[in-house]
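Dropping work.csv in here (CSV, C-alpha atoms):
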chain,number,residue,atom,x,y,z
A,1,MET,CA,34.2,9.4,-8.4
A,2,THR,CA,35.0,7.3,-5.3
A,3,ARG,CA,37.4,4.5,-6.0
A,4,LEU,CA,37.1,1.3,-4.0
A,5,TYR,CA,39.9,-1.2,-3.5
A,6,HIS,CA,38.5,-4.7,-4.1
A,7,GLY,CA,40.9,-7.6,-4.0
A,8,SER,CA,43.7,-7.1,-6.4
A,9,ARG,CA,42.3,-4.2,-8.4
A,10,TRP,CA,40.6,-0.8,-8.2
A,11,ASP,CA,36.9,-0.5,-9.0
A,12,ASP,CA,35.4,2.7,-10.3
A,13,ASP,CA,32.5,3.2,-7.8
A,14,LEU,CA,29.8,1.7,-5.7
A,15,ALA,CA,28.5,-0.5,-8.5
A,16,ALA,CA,31.4,-2.8,-8.1
A,17,VAL,CA,30.1,-4.0,-4.7
A,18,ILE,CA,26.5,-4.4,-5.5
A,19,GLY,CA,25.5,-8.0,-6.3
A,20,ASN,CA,27.5,-11.3,-6.1
A,21,THR,CA,25.9,-11.9,-2.7
A,22,PRO,CA,26.4,-15.3,-1.0
A,23,LEU,CA,23.9,-18.1,-0.7
A,24,VAL,CA,23.3,-19.1,2.9
A,25,LYS,CA,21.9,-22.5,3.9
A,26,LEU,CA,18.9,-22.0,6.2
A,27,ARG,CA,19.6,-24.8,8.5
A,28,ARG,CA,16.4,-25.1,10.4
A,29,ALA,CA,14.2,-24.8,7.3
A,30,SER,CA,16.4,-27.4,5.6
A,31,GLU,CA,16.3,-29.8,8.5
A,32,ALA,CA,12.5,-29.5,8.7
A,33,THR,CA,12.0,-30.4,5.1
A,34,GLY,CA,14.9,-32.7,4.1
A,35,CYS,CA,15.8,-30.2,1.4
A,36,ASN,CA,18.5,-27.6,0.9
A,37,ILE,CA,16.8,-24.3,1.4
A,38,LEU,CA,19.2,-21.5,0.5
A,39,GLY,CA,18.8,-17.8,1.0
A,40,LYS,CA,20.5,-15.2,-1.2
A,41,ALA,CA,21.9,-12.7,1.3
A,42,GLU,CA,20.9,-9.4,-0.3
A,43,PHE,CA,21.0,-7.7,3.0
A,44,MET,CA,24.8,-7.7,2.5
A,45,SER,CA,24.6,-5.2,-0.3
A,46,PRO,CA,26.0,-1.7,0.5
A,47,GLY,CA,22.5,-0.2,1.0
A,48,GLY,CA,21.3,-3.2,2.9
A,49,SER,CA,18.8,-4.7,0.4
A,50,VAL,CA,18.1,-6.3,-3.0
A,51,LYS,CA,16.9,-2.9,-4.2
A,52,ASP,CA,20.5,-1.7,-4.5
A,53,ARG,CA,20.5,-3.8,-7.6
A,54,THR,CA,17.3,-2.2,-8.9
A,55,GLY,CA,18.7,1.3,-8.3
A,56,LEU,CA,21.8,0.4,-10.2
A,57,PHE,CA,20.0,-1.2,-13.1
A,58,ILE,CA,17.6,1.7,-13.6
A,59,ILE,CA,20.4,4.4,-13.3
A,60,GLU,CA,22.7,2.5,-15.7
A,61,ASP,CA,19.9,2.0,-18.2
A,62,ALA,CA,19.0,5.7,-18.1
A,63,GLU,CA,22.6,6.7,-18.5
A,64,GLN,CA,22.9,4.4,-21.5
A,65,ARG,CA,19.8,5.8,-23.1
A,66,GLY,CA,21.0,9.3,-22.5
A,67,THR,CA,18.0,10.4,-20.4
A,68,LEU,CA,20.1,10.8,-17.2
A,69,LYS,CA,22.9,13.2,-17.7
A,70,PRO,CA,25.7,14.5,-15.4
A,71,GLY,CA,24.3,16.4,-12.5
A,72,GLY,CA,20.8,15.2,-13.3
A,73,THR,CA,17.9,14.4,-11.0
A,74,ILE,CA,16.2,11.0,-10.5
A,75,VAL,CA,12.8,10.8,-8.9
A,76,GLU,CA,11.0,7.7,-7.6
A,77,GLY,CA,8.1,6.6,-5.5
A,78,THR,CA,9.1,3.8,-3.2
A,79,ALA,CA,8.4,1.9,0.0
A,80,GLY,CA,12.0,2.8,0.9
A,81,ASN,CA,14.6,0.3,-0.2
A,82,THR,CA,14.6,1.3,-3.9
A,83,GLY,CA,14.9,4.9,-2.8
A,84,ILE,CA,18.0,3.9,-0.7
A,85,GLY,CA,19.5,2.1,-3.6
A,86,LEU,CA,18.9,5.0,-6.1
A,87,THR,CA,20.2,7.6,-3.6
A,88,LEU,CA,23.4,5.7,-2.9
A,89,VAL,CA,24.2,5.0,-6.5
A,90,GLY,CA,23.1,8.5,-7.4
A,91,ASN,CA,25.5,9.9,-4.7
A,92,ALA,CA,28.4,8.0,-6.2
A,93,ARG,CA,27.6,9.3,-9.7
A,94,GLY,CA,26.7,12.9,-8.9
A,95,TYR,CA,22.9,12.8,-9.2
A,96,ARG,CA,20.3,14.3,-7.0
A,97,SER,CA,17.6,11.8,-5.7
A,98,VAL,CA,14.1,12.9,-4.9
A,99,ILE,CA,12.3,10.1,-3.1
A,100,VAL,CA,8.5,10.0,-2.6
A,101,MET,CA,7.4,7.5,0.1
A,102,PRO,CA,4.2,6.7,2.0
A,103,GLU,CA,4.4,8.1,5.5
A,104,THR,CA,3.3,4.7,7.0
A,105,GLN,CA,6.7,3.1,6.2
A,106,SER,CA,9.0,2.2,9.0
A,107,ARG,CA,10.7,5.0,10.9
A,108,GLU,CA,14.1,3.3,10.2
A,109,LYS,CA,13.8,3.6,6.4
A,110,ILE,CA,12.6,7.2,6.7
A,111,ASP,CA,15.6,8.1,8.9
A,112,PHE,CA,18.0,6.2,6.7
A,113,LEU,CA,16.9,8.0,3.6
A,114,ARG,CA,17.3,11.4,5.2
A,115,MET,CA,20.7,10.4,6.6
A,116,ILE,CA,22.1,9.5,3.1
A,117,GLY,CA,21.0,12.8,1.6
A,118,ALA,CA,17.8,11.9,-0.2
A,119,ASP,CA,15.3,14.8,-0.9
A,120,LEU,CA,12.5,12.8,0.9
A,121,ARG,CA,8.9,13.7,0.3
A,122,LEU,CA,6.4,11.8,2.6
A,123,VAL,CA,2.8,11.5,1.4
A,124,PRO,CA,-0.3,9.9,2.8
A,125,ALA,CA,-0.7,6.2,2.0
A,126,LYS,CA,-3.3,5.9,-0.7
A,127,PRO,CA,-4.3,3.0,-3.1
A,128,TYR,CA,-2.9,2.9,-6.6
A,129,ARG,CA,-6.2,4.0,-8.1
A,130,ASP,CA,-6.0,7.3,-6.2
A,131,PRO,CA,-4.1,10.2,-7.9
A,132,GLY,CA,-2.4,10.8,-4.5
A,133,ASN,CA,-0.7,7.4,-4.5
A,134,TYR,CA,3.0,7.8,-4.0
A,135,VAL,CA,3.8,6.3,-7.5
A,136,HIS,CA,1.6,8.9,-9.3
A,137,VAL,CA,3.0,11.7,-7.1
A,138,SER,CA,6.5,10.8,-8.0
A,139,ARG,CA,5.7,10.7,-11.8
A,140,ARG,CA,4.2,14.2,-11.6
A,141,MET,CA,7.1,15.5,-9.6
A,142,ALA,CA,9.6,14.1,-12.2
A,143,GLU,CA,7.7,15.9,-15.0
A,144,GLU,CA,7.6,19.2,-13.0
A,145,MET,CA,11.3,19.0,-12.1
A,146,GLY,CA,12.5,17.8,-15.5
A,147,GLY,CA,14.0,14.8,-13.8
A,148,VAL,CA,14.1,11.1,-14.8
A,149,TRP,CA,11.3,9.1,-13.3
A,150,ALA,CA,12.8,5.7,-12.2
A,151,ASN,CA,9.3,4.0,-12.5
A,152,GLN,CA,10.6,0.8,-10.9
A,153,PHE,CA,7.3,-1.0,-11.2
A,154,ASP,CA,7.0,-0.7,-15.0
A,155,ASN,CA,10.5,0.0,-16.0
A,156,VAL,CA,11.7,-3.4,-17.4
A,157,ALA,CA,15.3,-2.5,-16.9
A,158,ASN,CA,14.5,-3.7,-13.4
A,159,ARG,CA,13.8,-7.3,-14.4
A,160,ALA,CA,16.4,-7.3,-17.2
A,161,GLY,CA,19.1,-6.5,-14.6
A,162,HIS,CA,18.0,-9.4,-12.4
A,163,GLU,CA,17.9,-11.7,-15.4
A,164,ARG,CA,21.4,-10.7,-16.2
A,165,THR,CA,22.9,-10.9,-12.7
A,166,THR,CA,20.8,-12.3,-9.8
A,167,GLY,CA,19.4,-15.3,-11.8
A,168,VAL,CA,22.8,-16.1,-13.2
A,169,GLU,CA,24.5,-15.9,-9.8
A,170,ILE,CA,21.9,-18.3,-8.4
A,171,TRP,CA,22.5,-20.8,-11.2
A,172,GLU,CA,26.2,-20.7,-10.8
A,173,GLN,CA,26.2,-20.8,-7.0
A,174,THR,CA,24.1,-24.0,-7.1
A,175,ASP,CA,26.0,-25.5,-10.0
A,176,GLY,CA,22.6,-25.7,-11.8
A,177,LYS,CA,21.1,-27.9,-9.1
A,178,VAL,CA,18.2,-25.6,-8.3
A,179,ASP,CA,14.7,-27.1,-8.3
A,180,ALA,CA,12.6,-24.2,-7.2
A,181,PHE,CA,12.8,-20.5,-6.5
A,182,THR,CA,10.4,-18.5,-4.2
A,183,CYS,CA,10.1,-14.7,-4.0
A,184,ALA,CA,7.6,-12.1,-3.0
A,185,CYS,CA,6.7,-9.3,-5.5
A,186,GLY,CA,6.3,-5.5,-5.3
A,187,THR,CA,7.6,-4.5,-8.7
A,188,GLY,CA,8.0,-8.1,-9.7
A,189,GLY,CA,11.5,-7.3,-11.0
A,190,THR,CA,13.4,-9.8,-8.9
A,191,LEU,CA,11.0,-12.7,-9.4
A,192,ALA,CA,10.5,-12.2,-13.1
A,193,GLY,CA,14.2,-11.6,-13.8
A,194,VAL,CA,15.4,-14.6,-11.8
A,195,ALA,CA,12.6,-16.7,-13.3
A,196,MET,CA,13.6,-15.8,-16.8
A,197,ALA,CA,17.3,-16.6,-16.2
A,198,LEU,CA,16.6,-20.0,-14.5
A,199,LYS,CA,13.9,-21.2,-16.9
A,200,ALA,CA,16.2,-20.5,-19.9
A,201,ARG,CA,18.7,-22.8,-18.3
A,202,LYS,CA,16.4,-25.4,-16.7
A,203,PRO,CA,12.8,-25.3,-17.9
A,204,SER,CA,11.7,-27.7,-15.1
A,205,VAL,CA,12.6,-25.3,-12.3
A,206,ARG,CA,9.6,-24.3,-10.3
A,207,ILE,CA,9.0,-20.5,-9.9
A,208,ILE,CA,6.7,-19.7,-7.0
A,209,LEU,CA,5.3,-16.2,-6.2
A,210,ALA,CA,5.2,-15.7,-2.4
A,211,ASP,CA,2.4,-13.2,-1.5
A,212,PRO,CA,1.3,-11.6,1.8
A,213,GLU,CA,-2.3,-11.2,2.7
A,214,GLY,CA,-3.7,-8.0,1.4
A,215,SER,CA,-2.2,-8.5,-2.0
A,216,GLY,CA,-3.9,-9.5,-5.2
A,217,LEU,CA,-1.0,-11.3,-6.9
A,218,TYR,CA,-1.8,-14.8,-5.3
A,219,GLY,CA,-5.2,-14.6,-6.8
A,220,TRP,CA,-3.8,-13.4,-10.2
A,221,ILE,CA,-1.7,-16.5,-10.4
A,222,LYS,CA,-4.3,-18.9,-9.1
A,223,THR,CA,-7.5,-17.7,-10.8
A,224,ASN,CA,-6.6,-14.6,-12.8
A,225,ASP,CA,-8.4,-12.6,-10.1
A,226,LEU,CA,-6.6,-9.6,-8.5
A,227,SER,CA,-9.1,-9.2,-5.7
A,228,ILE,CA,-7.6,-8.4,-2.3
A,229,GLU,CA,-8.3,-10.1,1.0
A,230,GLY,CA,-6.9,-9.3,4.5
A,231,SER,CA,-4.0,-7.1,5.3
A,232,SER,CA,-0.3,-7.4,6.2
A,233,ILE,CA,2.4,-5.5,8.1
A,234,THR,CA,4.9,-6.2,5.3
A,235,GLU,CA,6.3,-3.3,3.4
A,236,GLY,CA,7.3,-3.0,-0.3
A,237,ILE,CA,5.7,-6.3,-1.4
A,238,GLY,CA,2.2,-7.2,-2.6
A,239,ASN,CA,0.3,-5.4,-5.4
A,240,SER,CA,-3.2,-4.9,-6.7
A,241,ARG,CA,-2.1,-4.8,-10.4
A,242,VAL,CA,0.2,-6.7,-12.8
A,243,THR,CA,3.2,-4.5,-13.4
A,244,ALA,CA,5.2,-4.5,-16.7
A,245,ASN,CA,7.9,-6.3,-14.9
A,246,LEU,CA,5.6,-9.2,-14.2
A,247,GLU,CA,3.9,-9.4,-17.6
A,248,GLY,CA,4.9,-12.6,-19.3
A,249,ALA,CA,7.0,-13.8,-16.5
A,250,PRO,CA,7.2,-17.7,-16.3
A,251,ILE,CA,5.6,-18.2,-12.9
A,252,ASP,CA,4.3,-21.7,-12.0
A,253,ASP,CA,2.4,-21.2,-8.8
A,254,ALA,CA,1.9,-19.0,-5.8
A,255,GLU,CA,1.7,-19.3,-2.0
A,256,ARG,CA,-0.1,-16.9,0.3
A,257,ILE,CA,1.7,-16.4,3.6
A,258,ALA,CA,0.2,-14.9,6.7
A,259,ASP,CA,2.2,-12.4,8.8
A,260,SER,CA,2.2,-14.8,11.7
A,261,GLU,CA,3.9,-17.6,9.7
A,262,ALA,CA,6.4,-15.2,8.3
A,263,LEU,CA,7.3,-13.8,11.7
A,264,GLU,CA,7.9,-17.2,13.1
A,265,TRP,CA,10.6,-17.8,10.5
A,266,ILE,CA,12.1,-14.4,11.0
A,267,TYR,CA,12.5,-15.1,14.7
A,268,GLN,CA,13.7,-18.6,14.1
A,269,VAL,CA,16.5,-17.7,11.7
A,270,LEU,CA,17.6,-14.8,14.0
A,271,ILE,CA,17.8,-16.6,17.3
A,272,HIS,CA,19.0,-20.0,16.0
A,273,GLU,CA,21.1,-19.0,12.9
A,274,GLY,CA,22.2,-15.5,13.6
A,275,LEU,CA,20.5,-14.1,10.4
A,276,SER,CA,18.6,-10.8,10.9
A,277,VAL,CA,16.1,-10.4,8.1
A,278,GLY,CA,13.1,-8.3,7.3
A,279,THR,CA,9.4,-8.9,6.6
A,280,SER,CA,9.6,-9.9,3.0
A,281,SER,CA,12.3,-12.4,3.8
A,282,GLY,CA,10.0,-14.1,6.3
A,283,ILE,CA,7.4,-14.4,3.6
A,284,ASN,CA,10.0,-15.8,1.2
A,285,ILE,CA,11.3,-18.4,3.7
A,286,ALA,CA,7.9,-19.6,4.6
A,287,ALA,CA,7.0,-20.1,1.0
A,288,ALA,CA,10.3,-21.9,0.4
A,289,VAL,CA,9.5,-24.3,3.3
A,290,ARG,CA,6.0,-25.0,1.8
A,291,VAL,CA,7.4,-25.6,-1.7
A,292,ALA,CA,10.2,-27.9,-0.3
A,293,GLY,CA,7.4,-29.9,1.5
A,294,GLN,CA,5.6,-30.3,-1.8
A,295,LEU,CA,8.7,-31.4,-3.7
A,296,GLY,CA,9.9,-33.8,-1.1
A,297,PRO,CA,13.4,-34.4,0.5
A,298,GLY,CA,16.5,-34.0,-1.5
A,299,HIS,CA,15.6,-30.9,-3.6
A,300,THR,CA,17.2,-27.5,-3.6
A,301,VAL,CA,15.0,-24.4,-3.1
A,302,VAL,CA,16.4,-20.9,-3.3
A,303,THR,CA,14.8,-17.7,-2.0
A,304,ILE,CA,15.7,-14.1,-1.4
A,305,LEU,CA,16.7,-12.6,1.9
A,306,ALA,CA,15.8,-9.2,0.7
A,307,ASP,CA,16.9,-7.0,3.6
A,308,GLY,CA,17.7,-6.9,7.3
A,309,GLY,CA,15.5,-6.9,10.3
A,310,ALA,CA,17.0,-3.7,11.8
A,311,ARG,CA,15.2,-1.8,9.0
A,312,TYR,CA,11.9,-2.8,10.7
A,313,GLN,CA,12.9,-2.8,14.4
A,314,SER,CA,10.1,-0.5,15.4
A,315,LYS,CA,7.6,-3.0,14.1
A,316,LEU,CA,9.0,-6.6,14.1
A,317,PHE,CA,10.6,-6.2,17.5
A,318,ASN,CA,8.1,-3.9,19.2
A,319,PRO,CA,5.9,-5.9,21.6
A,320,GLU,CA,3.3,-3.1,21.8
A,321,PHE,CA,3.0,-3.0,18.0
A,322,LEU,CA,2.9,-6.7,17.6
A,323,ARG,CA,0.3,-7.1,20.3
A,324,SER,CA,-1.9,-4.5,18.6
A,325,LYS,CA,-1.9,-6.6,15.5
A,326,SER,CA,-2.4,-9.9,17.4
A,327,LEU,CA,0.9,-11.2,16.1
A,328,PRO,CA,3.5,-13.4,17.8
A,329,LEU,CA,6.3,-11.9,19.7
A,330,PRO,CA,9.9,-13.0,19.7
A,331,SER,CA,10.2,-15.6,22.5
A,332,TRP,CA,13.1,-13.7,24.1
A,333,MET,CA,11.1,-10.5,24.3
A,334,VAL,CA,8.1,-12.0,26.1
A,335,ALA,CA,8.1,-10.7,29.7
A,336,GLU,CA,8.4,-13.5,32.3
A,337,LYS,CA,5.4,-13.9,34.4
A,338,VAL,CA,5.9,-13.1,38.1
A,339,SER,CA,4.5,-15.9,40.3
Render the structure in this file as structure tokens.
Amino acid sequence: MTRLYHGSRWDDDLAAVIGNTPLVKLRRASEATGCNILGKAEFMSPGGSVKDRTGLFIIEDAEQRGTLKPGGTIVEGTAGNTGIGLTLVGNARGYRSVIVMPETQSREKIDFLRMIGADLRLVPAKPYRDPGNYVHVSRRMAEEMGGVWANQFDNVANRAGHERTTGVEIWEQTDGKVDAFTCACGTGGTLAGVAMALKARKPSVRIILADPEGSGLYGWIKTNDLSIEGSSITEGIGNSRVTANLEGAPIDDAERIADSEALEWIYQVLIHEGLSVGTSSGINIAAAVRVAGQLGPGHTVVTILADGGARYQSKLFNPEFLRSKSLPLPSWMVAEKVS
């Protein structure tokens, strides 16, 4: 296996550089609320997202259970980032990765998966209730190939890994002075795992699910109603069902965030703070700002900067696409009017 030099010792493989990401103070959000709003910089992981952790957790769990053996195949349905994490960790450990993804996902993620050697299968975007949904397709492919189905949505190795690592890191990095945590959900693994870790150490910490329009999870938290309203350009977050990773998670409340509000924060932290983040990060920051406003000055709110903006360049920074959705453009990309 590849060996990486890390400080004063040699590490065995890619796993050594996944996790332990820094917390970054979001200056403008903090100044606007009088709170410390901190973002966990998961875009600094080797594959560029928080889903590197998920890929590692699932692969290590399968190895420990003996279902994933040397030279084996791992199959997953994903919006992209988990597929990247699985493929990179799989590459480092000698596994083949077969990734099933809706064809509507960003061109950047599609190209990246092909670049890193994933066996990528694009399928039409269909709702979960349809047998052609990418999750169901990946399950059937795993059965046909004799591969291991990662099943990130209902495989609780996902949230257990976040409970063991991400949540503990946040607790230690804030010296236990965390008052609230906000995070969007796709699988629910990050939110649930961090929530479990923080609540075990400080029961009063507020756990807030950040949800885009077009997802049923906000209604699930508020009124136990998974009905869906509206739509969103976000990828990899939102759901119309409660996954196994979310079941029993200690969540206190939810905030529904419109794309326009998320985009404003994405553009603000980029042009004023030099942080390039993706769509779910915008949802997360907007929710953190709302929660900080509810708590009042002097509190510490942590959120997840799940991945980088370059992964969505063809959408987030494409004036034609944004105008077609009646969404705000980055101020520096608006053409000057000729007098």
### Query
Once you count only C-alpha atoms, which residues end up no further than 10 Å from (22.1, 10.9, -6.1) in the file's frame, shown as a list of chain:residue names?
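In the file's frame, the residues around the point are A:Ile59, A:Gly71, A:Gly72, A:Thr73, A:Ile74, A:Val75, A:Gly83, A:Ile84, A:Gly85, A:Leu86, A:Thr87, A:Leu88, A:Val89, A:Gly90, A:Asn91, A:Ala92, A:Arg93, A:Gly94, A:Tyr95, A:Arg96, A:Ser97, A:Val98, A:Ile116, A:Gly117, A:Ala118, A:Asp119.
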### Task
Within 8 Å of (8.7, -3.8, -16.1) (coordinates as in the file), grab all the protein and nucleic acid residues, counting all atoms listed in the file, and write them out as a count of residues only.
16
How close does each residue of region 47-116 of chain A get to region 130-144 of chain A, giving the shortest atom pair and distance in Å to one decimal for every residue with an atom at most 8 Å away, counting only C-alpha atoms, sorted by chain and residue number, as a tab-separated table?
residue	atom	partner	partner_atom	distance
A:Ile74	CA	A:Ala142	CA	7.5
A:Val75	CA	A:Ala142	CA	5.7
A:Glu76	CA	A:Ser138	CA	5.5
A:Gly77	CA	A:Val135	CA	4.8
A:Thr78	CA	A:Val135	CA	7.3
A:Ile99	CA	A:Ser138	CA	7.6
A:Val100	CA	A:Ser138	CA	5.8
A:Met101	CA	A:Tyr134	CA	6.0
A:Pro102	CA	A:Tyr134	CA	6.2
Would you mind exporting C-alpha atoms of the selected residues as an mmCIF file, in the frame of the given file?
data_model
loop_
_atom_site.group_PDB
_atom_site.id
_atom_site.type_symbol
_atom_site.label_atom_id
_atom_site.label_comp_id
_atom_site.auth_asym_id
_atom_site.auth_seq_id
_atom_site.Cartn_x
_atom_site.Cartn_y
_atom_site.Cartn_z
ATOM 1 C CA ILE A 74 16.200 11.000 -10.500
ATOM 2 C CA VAL A 75 12.800 10.800 -8.900
ATOM 3 C CA GLU A 76 11.000 7.700 -7.600
ATOM 4 C CA GLY A 77 8.100 6.600 -5.500
ATOM 5 C CA THR A 78 9.100 3.800 -3.200
ATOM 6 C CA ILE A 99 12.300 10.100 -3.100
ATOM 7 C CA VAL A 100 8.500 10.000 -2.600
ATOM 8 C CA MET A 101 7.400 7.500 0.100
ATOM 9 C CA PRO A 102 4.200 6.700 2.000
#
Any chance you could tabulate, as a tab-separated table, the residues of region 119-183 of chain A at most 10 Å from region 107-113 of chain A with each one's nearest atom pair and distance in Å to one decimal, using all atoms listed in the file, in chain and rising number order?
residue	atom	partner	partner_atom	distance
A:Asp119	CA	A:Leu113	CA	8.3
A:Leu120	CA	A:Leu113	CA	7.0
A:Arg121	CA	A:Ile110	CA	9.8
A:Leu122	CA	A:Ile110	CA	8.7
### Message
Just to confirm, what's the straight-line distance from CA of Asn20 (chain A) to CA of Leu305 (chain A) in Å (one decimal)?
### Response
13.5 Å
Closest contacts (region 165-225 of chain A/region 296-303 of chain A, max 6 Å, only C-alpha atoms) as JSON lines:
{"residue": "A:Val178", "atom": "CA", "partner": "A:Thr300", "partner_atom": "CA", "distance": 5.2}
{"residue": "A:Asp179", "atom": "CA", "partner": "A:Thr300", "partner_atom": "CA", "distance": 5.3}
{"residue": "A:Ala180", "atom": "CA", "partner": "A:Val301", "partner_atom": "CA", "distance": 4.8}
{"residue": "A:Phe181", "atom": "CA", "partner": "A:Val302", "partner_atom": "CA", "distance": 4.8}
{"residue": "A:Thr182", "atom": "CA", "partner": "A:Thr303", "partner_atom": "CA", "distance": 5.0}
{"residue": "A:Cys183", "atom": "CA", "partner": "A:Thr303", "partner_atom": "CA", "distance": 5.9}
### Query
What is the CA of Glu273 (chain A)-CA of Gln294 (chain A) distance in Å, reported with one decimal?
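These atoms are spaced 24.2 Å apart.
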### Message
Let me make sure I understand: among A:Val194, A:Val50, A:Ile37, A:Val168, which one has the smallest atom-to-atom distance to Val289 (chain A) if we use all atoms listed in the file?
### Response
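Between A:Val194, A:Val50, A:Ile37, A:Val168, the residue approaching Val289 (chain A) most closely is A:Ile37.
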### Summary
Among A:Gly248, A:Gly214, A:Gly80, A:Pro319, Ile228 (chain A) is approached most closely, using only C-alpha atoms, by A:Gly214
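Using all atoms listed in the file, the smallest distance between any of A:Ser324, A:Ser30, A:Asn81, A:Thr223 and Phe43 (chain A) comes from A:Asn81.
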### Query
Using only C-alpha atoms, which of the listed residues (A:Arg114, A:Arg311, A:Arg241, A:Arg323) sits closest to Ser49 (chain A)?
A:Arg311
#### Entry: Residue with smallest distance to Lys25 (chain A) - pool A:Gly274, A:Ile257, A:Ile221, A:Ala262, counting all atoms listed in the file
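Comparing A:Gly274, A:Ile257, A:Ile221, A:Ala262 against Lys25 (chain A), the winner is A:Gly274.
Counting all atoms listed in the file and comparing A:Asp175, A:Tyr218, A:Pro250, A:Asp61, the residue that lies closest to Pro203 (chain A) is A:Pro250.
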At most 9 Å is the cut-off: for each residue in region 124-195 of chain A with any atom that close to an atom of region 13-19 of chain A, write down the nearest atom pair and the distance in Å rounded to one decimal, counting only C-alpha atoms, chain first then increasing number, as a tab-separated table.
residue	atom	partner	partner_atom	distance
A:Thr165	CA	A:Gly19	CA	7.5
A:Thr166	CA	A:Gly19	CA	7.3
A:Glu169	CA	A:Gly19	CA	8.7
Output the selection as a short mmCIF file (atom, residue, chain, number, x, y, z; two decimals), keeping the file's coordinate frame - C-alpha atoms for each residue.
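The new file part27.cif reads:
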data_model
loop_
_atom_site.label_atom_id
_atom_site.label_comp_id
_atom_site.auth_asym_id
_atom_site.auth_seq_id
_atom_site.Cartn_x
_atom_site.Cartn_y
_atom_site.Cartn_z
CA THR A 165 22.90 -10.90 -12.70
CA THR A 166 20.80 -12.30 -9.80
CA GLU A 169 24.50 -15.90 -9.80
#
Please identify all polymer residues within 10 Å of Glu213 (chain A), counting only C-alpha atoms, omitting same-chain residues fewer than 6 positions from it, and present them as a tab-separated table (two decimals) with C-alpha atoms, keeping the file's coordinate frame.
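Okay, part21.tsv is ready:
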chain	number	residue	atom	x	y	z
A	228	ILE	CA	-7.60	-8.40	-2.30
A	229	GLU	CA	-8.30	-10.10	1.00
A	230	GLY	CA	-6.90	-9.30	4.50
A	231	SER	CA	-4.00	-7.10	5.30
A	232	SER	CA	-0.30	-7.40	6.20
A	233	ILE	CA	2.40	-5.50	8.10
A	234	THR	CA	4.90	-6.20	5.30
A	238	GLY	CA	2.20	-7.20	-2.60
A	256	ARG	CA	-0.10	-16.90	0.30
A	257	ILE	CA	1.70	-16.40	3.60
A	258	ALA	CA	0.20	-14.90	6.70
A	259	ASP	CA	2.20	-12.40	8.80
### Task
Would you work out the distance separating CA of Ala197 (chain A) from CA of Arg164 (chain A), expressed in Å to one decimal?
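Separation of CA of Ala197 (chain A) and CA of Arg164 (chain A): 7.2 Å.
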